[in-house]
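Q: Below is the file start31.cif, which contains mmCIF, C-alpha atoms.
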data_run
#
loop_
_atom_site.label_atom_id
_atom_site.label_comp_id
_atom_site.auth_asym_id
_atom_site.auth_seq_id
_atom_site.Cartn_x
_atom_site.Cartn_y
_atom_site.Cartn_z
CA GLU A 29 78.23 108.54 -81.99
CA PRO A 30 74.92 106.79 -82.67
CA TRP A 31 73.04 108.68 -79.94
CA VAL A 32 74.03 112.08 -81.34
CA ILE A 33 72.84 111.06 -84.80
CA THR A 34 69.49 109.68 -83.71
CA ASP A 35 68.57 112.18 -81.01
CA GLY A 36 70.12 115.19 -82.75
CA GLY A 37 68.92 114.29 -86.23
CA TYR A 38 65.64 112.47 -85.71
CA LEU A 39 64.27 113.23 -82.24
CA HIS A 40 65.15 116.92 -81.84
CA GLY A 41 65.94 117.78 -85.47
CA ALA A 42 68.94 120.03 -84.71
CA LEU A 43 71.35 117.86 -86.76
CA ALA A 44 71.10 116.09 -90.13
CA PRO A 45 68.63 115.05 -91.47
CA GLY A 46 67.16 117.96 -89.52
CA HIS A 47 63.61 116.92 -88.81
CA ARG A 48 61.68 115.66 -85.80
CA ASN A 49 59.98 112.31 -86.04
CA LEU A 50 59.29 110.19 -82.97
CA PHE A 51 58.76 107.07 -85.06
CA GLU A 52 61.97 107.34 -87.11
CA THR A 53 64.24 107.77 -84.07
CA PRO A 54 64.19 104.13 -82.86
CA ILE A 55 64.32 102.88 -86.46
CA ALA A 56 67.43 105.02 -87.09
CA SER A 57 69.00 103.73 -83.84
CA HIS A 58 68.41 100.14 -84.81
CA ASN A 59 69.70 100.65 -88.34
CA LEU A 60 72.85 102.35 -87.04
CA MET A 61 73.53 99.27 -84.93
CA ARG A 62 72.89 97.01 -87.92
CA ALA A 63 75.37 99.10 -89.91
CA HIS A 64 77.88 98.83 -87.06
CA GLY A 65 77.62 95.03 -87.07
CA ALA A 66 78.00 94.89 -90.86
CA ALA A 67 81.01 97.21 -90.75
CA VAL A 68 82.77 95.11 -88.10
CA GLU A 69 82.08 91.95 -90.11
CA ALA A 70 83.39 93.51 -93.34
CA TYR A 71 86.47 94.93 -91.59
CA ARG A 72 87.30 91.56 -90.05
CA SER A 73 86.79 89.74 -93.37
CA GLU A 74 89.53 91.92 -94.90
CA GLY A 75 91.98 90.73 -92.25
CA ALA A 76 91.95 94.13 -90.53
CA HIS A 77 92.85 94.17 -86.86
CA GLU A 78 91.51 96.63 -84.30
CA ILE A 79 88.01 98.02 -84.60
CA GLY A 80 85.70 99.47 -81.99
CA LEU A 81 82.61 101.49 -81.26
CA VAL A 82 82.53 105.04 -79.87
CA VAL A 83 79.59 106.08 -77.70
CA ASN A 84 78.71 109.17 -75.70
CA ILE A 85 78.25 108.22 -72.03
CA GLU A 86 76.44 110.41 -69.51
CA PRO A 87 76.13 108.98 -65.98
CA LYS A 88 72.64 109.39 -64.54
CA TYR A 89 71.92 110.06 -60.86
CA PRO A 90 68.48 110.32 -59.21
CA ALA A 91 67.50 113.75 -57.92
CA SER A 92 66.00 112.13 -54.82
CA ASP A 93 65.38 108.74 -53.23
CA SER A 94 61.79 108.68 -54.48
CA PRO A 95 60.83 105.54 -56.42
CA ASP A 96 59.66 107.72 -59.34
CA ASP A 97 63.03 109.50 -59.61
CA ILE A 98 64.93 106.21 -59.29
CA ALA A 99 62.80 104.62 -62.03
CA ALA A 100 63.19 107.71 -64.26
CA THR A 101 66.95 107.55 -63.76
CA ALA A 102 67.00 103.88 -64.80
CA ARG A 103 65.03 104.73 -67.97
CA ALA A 104 67.30 107.67 -68.78
CA HIS A 105 70.39 105.48 -68.17
CA ALA A 106 69.06 102.75 -70.45
CA TYR A 107 68.24 105.26 -73.19
CA MET A 108 71.44 107.29 -73.06
CA ASN A 109 74.04 104.71 -72.04
CA ARG A 110 72.77 101.21 -72.79
CA GLN A 111 70.74 101.36 -75.99
CA TYR A 112 73.87 100.99 -78.13
CA LEU A 113 76.24 99.20 -75.76
CA ASP A 114 73.88 96.37 -74.79
CA PRO A 115 73.17 95.24 -78.36
CA ALA A 116 76.81 95.57 -79.41
CA LEU A 117 78.42 93.97 -76.36
CA LYS A 118 75.77 91.79 -74.72
CA GLY A 119 73.48 90.93 -77.62
CA SER A 120 70.42 91.98 -75.64
CA TYR A 121 67.51 93.76 -77.28
CA PRO A 122 63.77 93.25 -77.51
CA ALA A 123 62.89 89.67 -78.59
CA GLU A 124 61.37 90.78 -81.92
CA LEU A 125 64.80 92.12 -82.95
CA ALA A 126 66.76 88.99 -82.01
CA ASP A 127 67.72 88.10 -85.59
CA ASP A 128 69.44 91.44 -86.09
CA LEU A 129 71.30 91.04 -82.80
CA LYS A 130 73.46 88.31 -84.30
CA ALA A 131 74.69 90.84 -86.86
CA ILE A 132 74.94 93.73 -84.39
CA CYS A 133 76.83 91.85 -81.66
CA GLN A 134 80.20 91.50 -83.41
CA PRO A 135 83.37 91.22 -81.32
CA VAL A 136 85.17 94.54 -80.94
CA ASP A 137 88.70 95.14 -79.70
CA PHE A 138 87.96 98.33 -77.77
CA ILE A 139 85.30 100.86 -76.87
CA GLY A 140 85.81 104.58 -77.21
CA ILE A 141 83.94 106.71 -74.70
CA ASN A 142 83.21 110.40 -75.00
CA TYR A 143 82.64 111.86 -71.55
CA TYR A 144 81.84 115.45 -70.58
CA THR A 145 79.27 115.60 -67.78
CA ARG A 146 76.87 113.74 -65.56
CA ASN A 147 73.12 114.23 -65.40
CA VAL A 148 70.92 114.25 -62.29
CA VAL A 149 67.36 113.37 -63.25
CA LYS A 150 63.84 113.40 -61.84
CA ALA A 151 60.68 111.70 -62.97
CA ASP A 152 58.77 113.71 -65.57
CA PRO A 153 56.01 111.84 -67.41
CA HIS A 154 55.75 114.66 -69.98
CA GLN A 155 59.37 114.34 -71.13
CA TRP A 156 59.57 111.90 -74.03
CA PRO A 157 61.07 109.34 -74.61
CA VAL A 158 62.03 108.19 -71.08
CA GLY A 159 59.92 110.27 -68.69
CA ALA A 160 62.89 111.97 -67.05
CA SER A 161 64.06 115.59 -66.84
CA PRO A 162 67.45 116.97 -65.79
CA VAL A 163 67.80 118.71 -62.43
CA ARG A 164 70.40 121.49 -62.42
CA GLN A 165 72.86 121.10 -59.56
CA ASN A 166 74.34 123.98 -57.58
CA ALA A 167 77.86 123.36 -58.86
CA THR A 168 80.41 124.62 -61.35
CA HIS A 169 79.13 124.51 -64.92
CA THR A 170 81.03 124.95 -68.17
CA THR A 171 80.23 127.57 -70.79
CA THR A 172 78.12 124.90 -72.50
CA ASP A 173 76.16 124.58 -69.21
CA TRP A 174 77.50 121.11 -68.41
CA GLU A 175 78.09 120.37 -64.74
CA VAL A 176 81.70 119.72 -63.69
CA TYR A 177 81.58 116.57 -61.57
CA PRO A 178 84.86 114.58 -61.77
CA PRO A 179 83.69 111.54 -59.72
CA ALA A 180 81.21 110.68 -62.48
CA LEU A 181 84.04 109.69 -64.84
CA THR A 182 85.25 107.06 -62.37
CA ASP A 183 81.67 105.95 -61.64
CA MET A 184 80.99 105.56 -65.35
CA LEU A 185 84.18 103.59 -66.03
CA VAL A 186 83.51 101.24 -63.10
CA TRP A 187 79.91 100.77 -64.29
CA PHE A 188 81.15 100.01 -67.81
CA ARG A 189 83.66 97.40 -66.61
CA ASP A 190 81.16 95.78 -64.24
CA THR A 191 78.47 95.67 -66.95
CA TYR A 192 80.41 94.80 -70.10
CA GLY A 193 83.60 93.19 -68.85
CA ASP A 194 87.26 94.04 -69.12
CA ILE A 195 87.24 95.46 -72.67
CA PRO A 196 89.97 98.00 -73.47
CA VAL A 197 88.53 101.52 -73.18
CA TYR A 198 89.80 104.73 -74.74
CA ILE A 199 88.53 108.10 -73.59
CA THR A 200 88.07 109.49 -77.10
CA GLU A 201 86.64 112.85 -76.09
CA ASN A 202 86.77 114.70 -72.77
CA GLY A 203 87.12 118.23 -71.57
CA ALA A 204 85.47 121.36 -70.30
CA ALA A 205 84.75 124.56 -72.21
CA PHE A 206 85.23 127.71 -70.18
CA TYR A 207 85.36 131.29 -71.37
CA ASP A 208 88.95 132.28 -72.07
CA PRO A 209 89.19 136.06 -72.44
CA PRO A 210 91.48 137.35 -75.17
CA LYS A 211 94.88 138.54 -74.00
CA ALA A 212 96.19 141.99 -74.76
CA GLY A 213 98.86 142.21 -77.44
CA PRO A 214 102.60 142.46 -76.69
#
In structure tokens, how does this file's structure come out?
A:
Amino acid sequence: EPWVITDGGYLHGALAPGHRNLFETPIASHNLMRAHGAAVEAYRSEGAHEIGLVVNIEPKYPASDSPDDIAATARAHAYMNRQYLDPALKGSYPAELADDLKAICQPVDFIGINYYTRNVVKADPHQWPVGASPVRQNATHTTTDWEVYPPALTDMLVWFRDTYGDIPVYITENGAAFYDPPKAGP
């Protein structure tokens, strides 16, 4: 998952390479997409058949109807859900990166989506990189503190189809972690 690599490894530093650097994060994201495009091209040149891209999707919902929260939600949605799908499936990116888009936007046969939770967000100008912070909902949460909100899976799949077309989709990861106490022996 490109987002996990760049945010976990470059923005927050919790994953490899394990450091925080605000400038390297977008460079790593772009280079991951360039590598994706090159891999699809190489795979196709060998006569291989099905190849796809797996992304982590997290639906974003505004915490209120305020214009600031709606704008923050749009930024968070673009950052979390579109920054890899748009270049790969629509060929859209900032103009200064247009040459690389030809290599990134290679035809894929399917998209794999990892889905676990939604995220309700509010405007927060101090939260880099998109100026949005999560708002905890009064709902069931998993042991990993992810909200259980089943309608978001349908919302996300409809959004994906409406945005990127009728591409085959596989739910490659999904689930909920809850504490499961050990059972007594026989």
Q: Restrict the calculation to only C-alpha atoms, then for each residue of region 110-214 of chain A with any atom at most 9 Å from an atom of region 30-52 of chain A give the closest atom pair and their distance in Å to one decimal, rows by chain and rising residue number, as a Markdown table.
A:
| residue | atom | partner | partner_atom | distance |
| --- | --- | --- | --- | --- |
| A:Gln111 | CA | A:Trp31 | CA | 8.6 |
| A:Tyr112 | CA | A:Pro30 | CA | 7.4 |
| A:Pro157 | CA | A:Leu50 | CA | 8.6 |
Q: Could you list the residues chosen by the PyMOL selection byres ((chain A and resi 165) around 12) in this structure as a PyMOL selection string?
A: chain A and resi 89-91+145-149+162-164+166-169+173-177
Q: At what distance in Å, to one decimal, does CA of Leu60 (chain A) lie from CA of Ala131 (chain A)?
A: 11.7 Å
Q: To one decimal place, how far is CA of Lys150 (chain A) from CA of Ala100 (chain A) in Å?
A: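 These atoms are spaced 6.2 Å apart.
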Q: Fewer than 2 positions away in the same chain doesn't count, so skip those; otherwise give me all residues within 10 Å of Leu181 (chain A), counting all atoms listed in the file, as an MDAnalysis selection string.
A: chainID A and resid 85:87 143:146 177:179 183:187 199 202
Q: Expand the PyMOL selection byres ((chain A and resi 205-213) around 7) into the explicit residue set it covers here, and present it as a PyMOL selection string.
A: chain A and resi 170-172+203-204+214
Q: With distances taken over all atoms listed in the file, which of A:Leu117, A:Ala56, A:Ala106, A:Ala70 is nearest to Asp137 (chain A)?
A: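 Closest candidate: A:Leu117.
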Q: So how far away is CA of Asp152 (chain A) from CA of Asp96 (chain A), in Å?
A: 8.7 Å
Q: Which residues, named as in the file, does the PyMOL selection byres ((chain A and resi 82) around 6) pick out? Answer as a PyMOL selection string.
A: chain A and resi 29+81+83+139-141
Q: Taking into account all atoms listed in the file, which residue in the set A:Gln134, A:Asn84, A:Asn109, A:Ser57 is nearest to Glu69 (chain A)?
A: A:Gln134
Q: Pick out the closest residue to Met108 (chain A) from this set: A:His58, A:Asp190, A:Val158, A:Thr53. Count all atoms listed in the file.
A: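 Going through A:His58, A:Asp190, A:Val158, A:Thr53 one by one, the smallest distance to Met108 (chain A) is for A:Val158.
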Q: From the list A:Ala151, A:His77, A:Ser161, A:Lys118, which residue is nearest Ala99 (chain A) when using only C-alpha atoms?
A: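 Nearest candidate to Ala99 (chain A) out of A:Ala151, A:His77, A:Ser161, A:Lys118: A:Ala151.
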Q: Just checking: using all atoms listed in the file, which residue out of A:Thr101, A:Ser120, A:Thr200, A:Thr191 ends up closest to Ala160 (chain A)?
A: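 With all atoms listed in the file as the atom set, the closest residue is A:Thr101.
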Q: As JSON, what would the box around region 75-94 of chain A look like: edges along x, y and z, 3 Å added on every side, centre and edge lengths in Å to one decimal?
A:
{"center_x": 77.3, "center_y": 102.2, "center_z": -72.7, "size_x": 37.1, "size_y": 29.0, "size_z": 45.0}
Q: Please determine, counting all atoms listed in the file, which residue among A:Gly193, A:Pro153, A:Thr182, A:Val136 has the shortest atom-to-atom distance to Glu78 (chain A).
A: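 Checking each of A:Gly193, A:Pro153, A:Thr182, A:Val136 against Glu78 (chain A), counting all atoms listed in the file, the winner is A:Val136.
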